[in-house]
Each structure stands twice: as C-alpha cells, then as structure tokens.
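Structure record follows, encoded as structure tokens.
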Amino acid sequence: MPKKGGNKKGDKPRVTKATVDPLFPSRPRTFTIGGAIRPRGRDLSRFVKWPKYIRVQRQRAVLYQRLKIPPAVNQFTKVITKNEAMTVFTLLNKYRPETKDARKQRLEESAAATAEGKKSKDKSPNVVKYGLKEVTAAIEEKQAELVLIACDVDPIELVIWMPALCRKMDVPFMIVKDKARLGALVHTKTAACVAITSVGPEDSGQLNILQDLARDKFNNNADMIRKWGGGIMGLKTKAKLEKRAKAMAVEEAKKQASLGRA
C-alpha cells in the first residue's frame, strides 16, 4: 500500500516562480462596474459594425471618387464660395414669396378697396420664382435675371440640362449649396432651382454685380464644359501604380543601356 503523504513540520512549501513574457504581458480582465468602458487613446471605430445606411453613404462617396464623372455632372461640384453665397441670399431674402396668410390678406384688402369703388393700389410684388416649370419658362422667355441651381438635387437628371439652357439663352446662373437653403428661401422644405425676374431700383446695382460674377464663373467658363471629374484612386492602388511605373523605368533604362544609348 502507498504511504500516506503528509507535510512534516520541517518541510518548506515549494514556491513556483511565474514566468513573465515581456512580449505578451498578462492583462487580467475586470468584471466589476466600469470594466466594459473603452480604454483611453484607442480608436475602435474601425471595428464597429455601422448601420447599413451609413455603410451605403460611405461606399457611395468612395464610388463617386473612383468613377470618371462627365463634365455635365461634374459642374455641379463647383459651387460659389461662402461669402458669395451670403451676398446672393441677402439680396434674394428681400424678394421672398409671400406666405399663404400674407397673400390672402393682400387679396382681401384689394377686393375690399374695389368694392368701395376705390382704385386698388395692389400689385403683385417682385418675388423669387421657384419650381422647375416656372423657372424653365422664365429662362426660355428670357425673363429671368439670375438663376440659382442647387448642387445636390437627386436625381441629378432633373436639372442637369438647365446650365446648358441658361448658356444658350444667355441667362446668368449660379450653382449653390444646397436645395434645403433654397427651400428655406421660398417657404418649402427643398427647392431644386429659383430665379429672380426683377428687382427694385435700389438693388439693380447689386444684381448687375452678381450677374457679372455668374457669367464669369459659370456661363463663360470653358473648363466647366470640358473638365471631367473623379478618377481618384485609393492609397493601395496609387502605391501599386507607382511601383509598376518605377519597375518599368528601371526596365527601360536597362534596355537602353544594352543598346548603348544610355
């Protein structure tokens, strides 16, 4: 039979030294309150599974950079600057369309004056026109003094032809950010385009300056009609193309050296 083991009083317990790996130090997990908080200084957004609509947005943005964009579409990426937009919208804010209540009140006052036999002084005020049909009609009849087109209309086919029409009819136009801002100008959620047909005598000088700016940047700008957009490759593709170009240059140099032309 095996002998019963037992610690004698004189025996010392053996101490095993834990080997510590310097490359992989142990980091014991804490399961207490706050143990699930992300460590500081570590960006984990790369590992997040984002919602589908965010992934689609990002993929679309990357795709727009990669694809070659024809000039007719690419011109909508060239918008006026922030200061120029502020000047344009300051002018157009003076000619915002009436609200429903204001128009109703004006027509009632005009009808009351007509009923009393007085001559009505009511005239429809100079206001901004909006909507594709009204703006197109104003351009074709050469009544529009200045046309603003939103850069983010979806689908773009709704307004892609409008710059060409403005150039043909010699109507100054601008491409602005964005359809929501144009919509706020005319009391709607969004607006694809707006046009101003006339202004008061006090604003005619400002309108002439904006017309000259529009013709210079958009109507008479040949680059907008010819320049393609997109075609921007990613970092990996750029590195691969550079590596290939260097290898081809080395090969060409060797070829020239072998022929004695170097």
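By order of appearance in the structure tokens: chains A, B, ..., then residues from 1 within every chain, and ligands from 1 in the order shown.
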Looking only at helix (DSSP H, G or I) from DSSP on the backbone, list the matching residues of stretch 4-123 of chain A as a ChimeraX atom specification.
/A:45-47,52-66,71-77,82-93,100-115
Determine, counting only C-alpha atoms, which protein, DNA and RNA residues have an atom within 9 Å of an atom of stretch 137-144 of chain A; residues of the same chain fewer than 3 positions away are not included. Present the result as an mmCIF file with N, CA and C atoms, in the first residue's frame.
```cif
data_model
loop_
_atom_site.group_PDB
_atom_site.id
_atom_site.type_symbol
_atom_site.label_atom_id
_atom_site.label_comp_id
_atom_site.auth_asym_id
_atom_site.auth_seq_id
_atom_site.Cartn_x
_atom_site.Cartn_y
_atom_site.Cartn_z
ATOM 1 N N LYS A 129 -39.091 83.359 -58.202
ATOM 2 C CA LYS A 129 -39.850 82.242 -58.782
ATOM 3 C C LYS A 129 -39.139 80.942 -58.432
ATOM 4 N N LEU A 132 -39.458 73.848 -61.120
ATOM 5 C CA LEU A 132 -38.837 73.610 -62.426
ATOM 6 C C LEU A 132 -39.616 74.233 -63.576
ATOM 7 N N LYS A 133 -40.953 74.116 -63.532
ATOM 8 C CA LYS A 133 -41.760 74.635 -64.641
ATOM 9 C C LYS A 133 -41.662 76.153 -64.733
ATOM 10 N N GLU A 134 -41.826 76.824 -63.601
ATOM 11 C CA GLU A 134 -41.803 78.299 -63.619
ATOM 12 C C GLU A 134 -40.431 78.823 -63.996
ATOM 13 N N VAL A 147 -30.443 82.977 -62.137
ATOM 14 C CA VAL A 147 -30.973 81.651 -61.776
ATOM 15 C C VAL A 147 -30.010 80.990 -60.796
ATOM 16 N N LEU A 165 -29.182 75.196 -70.983
ATOM 17 C CA LEU A 165 -30.264 76.086 -71.427
ATOM 18 C C LEU A 165 -29.950 77.538 -71.075
ATOM 19 N N CYS A 166 -29.402 77.752 -69.868
ATOM 20 C CA CYS A 166 -29.046 79.120 -69.458
ATOM 21 C C CYS A 166 -27.962 79.702 -70.361
ATOM 22 N N MET A 169 -29.608 80.599 -73.767
ATOM 23 C CA MET A 169 -30.485 81.780 -73.720
ATOM 24 C C MET A 169 -29.779 82.998 -73.119
ATOM 25 N N ASP A 170 -28.478 82.846 -72.779
ATOM 26 C CA ASP A 170 -27.683 83.936 -72.199
ATOM 27 C C ASP A 170 -28.321 84.482 -70.914
ATOM 28 N N VAL A 171 -28.696 83.555 -70.047
ATOM 29 C CA VAL A 171 -29.244 83.916 -68.737
ATOM 30 C C VAL A 171 -28.202 83.548 -67.691
ATOM 31 N N PRO A 172 -27.721 84.500 -66.889
ATOM 32 C CA PRO A 172 -26.701 84.166 -65.883
ATOM 33 C C PRO A 172 -27.236 83.201 -64.833
ATOM 34 N N ALA A 195 -35.371 81.510 -59.433
ATOM 35 C CA ALA A 195 -34.981 82.560 -60.382
ATOM 36 C C ALA A 195 -35.560 83.881 -59.931
ATOM 37 N N ILE A 196 -34.809 84.944 -60.120
ATOM 38 C CA ILE A 196 -35.297 86.295 -59.844
ATOM 39 C C ILE A 196 -35.514 86.983 -61.186
ATOM 40 N N THR A 197 -36.716 87.548 -61.384
ATOM 41 C CA THR A 197 -37.054 88.146 -62.680
ATOM 42 C C THR A 197 -36.901 89.661 -62.686
ATOM 43 N N SER A 198 -37.077 90.288 -61.529
ATOM 44 C CA SER A 198 -36.902 91.738 -61.460
ATOM 45 C C SER A 198 -36.657 92.144 -60.015
#
```
Which is closer to A:Leu148 than all the others in A:Lys177, A:Lys236, A:Lys94, A:Lys243, using only C-alpha atoms?
A:Lys177
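Nearest-residue note for A:Ile149: choosing from A:Gln75, A:Asn221, A:Gln59, A:Thr188, the minimum distance belongs to A:Gln75, counting only C-alpha atoms.
The closest residue to A:Val135, picked from A:Val159, A:Glu109, A:Trp50, A:Gly200 and counting only C-alpha atoms, is A:Val159.
Nearest residue to A:Val88 among A:Ile54, A:Ile33, A:Ala115, A:Leu182 is A:Leu182, counting only C-alpha atoms.
Atom pair atom CA of A:Cys151 / atom CA of A:Ser204: separated by 26.2 Å.
Residues within 9 Å of A:Val186, counting only C-alpha atoms and excluding same-chain residues fewer than 6 positions away, are A:Arg96, A:Pro97, A:Glu98, A:Thr99, A:Val128, A:Lys129, A:Tyr130, A:Val194.
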Would you work out the distance separating atom CA of A:Gly229 from atom CA of A:Val176, expressed in Å to one decimal?
18.1 Å
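Backbone DSSP over stretch 74-238 of chain A gives strand (DSSP E or B) for A:Val128, A:Lys129, A:Tyr130, A:Leu146, A:Val147, A:Leu148, A:Ile149, A:Ala150, A:Phe173, A:Met174, A:Ile175, A:Val176, A:Cys193, A:Val194, A:Ala195, A:Ile196, A:Gly229, A:Gly230.
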Quick one: residues within 6 Å of stretch 178-181 of chain A, only C-alpha atoms counted, chain neighbours fewer than 6 positions away excluded, as a tab-separated table (two decimals) with N, CA, C and O atoms, in the first residue's frame?
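Writing the result to selection28.tsv gives the following:
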```
chain	number	residue	atom	x	y	z
A	150	ALA	N	-29.51	74.26	-57.28
A	150	ALA	CA	-28.93	73.53	-56.15
A	150	ALA	C	-27.95	72.48	-56.65
A	150	ALA	O	-28.15	71.88	-57.71
A	151	CYS	N	-26.90	72.24	-55.86
A	151	CYS	CA	-25.85	71.29	-56.29
A	151	CYS	C	-26.19	69.85	-55.93
A	151	CYS	O	-25.54	68.93	-56.44
A	190	THR	N	-37.52	71.84	-49.63
A	190	THR	CA	-36.39	71.90	-50.57
A	190	THR	C	-36.85	72.56	-51.86
A	190	THR	O	-38.05	72.62	-52.15
A	191	ALA	N	-35.89	73.04	-52.62
A	191	ALA	CA	-36.17	73.61	-53.95
A	191	ALA	C	-34.98	73.32	-54.85
A	191	ALA	O	-33.83	73.54	-54.47
A	192	ALA	N	-35.26	72.81	-56.05
A	192	ALA	CA	-34.19	72.46	-56.99
A	192	ALA	C	-33.56	73.70	-57.60
A	192	ALA	O	-32.35	73.74	-57.83
```
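Taking atom CA of A:Ile160 and atom CA of A:Asn220 as the two end points, the separation is 17.3 Å.
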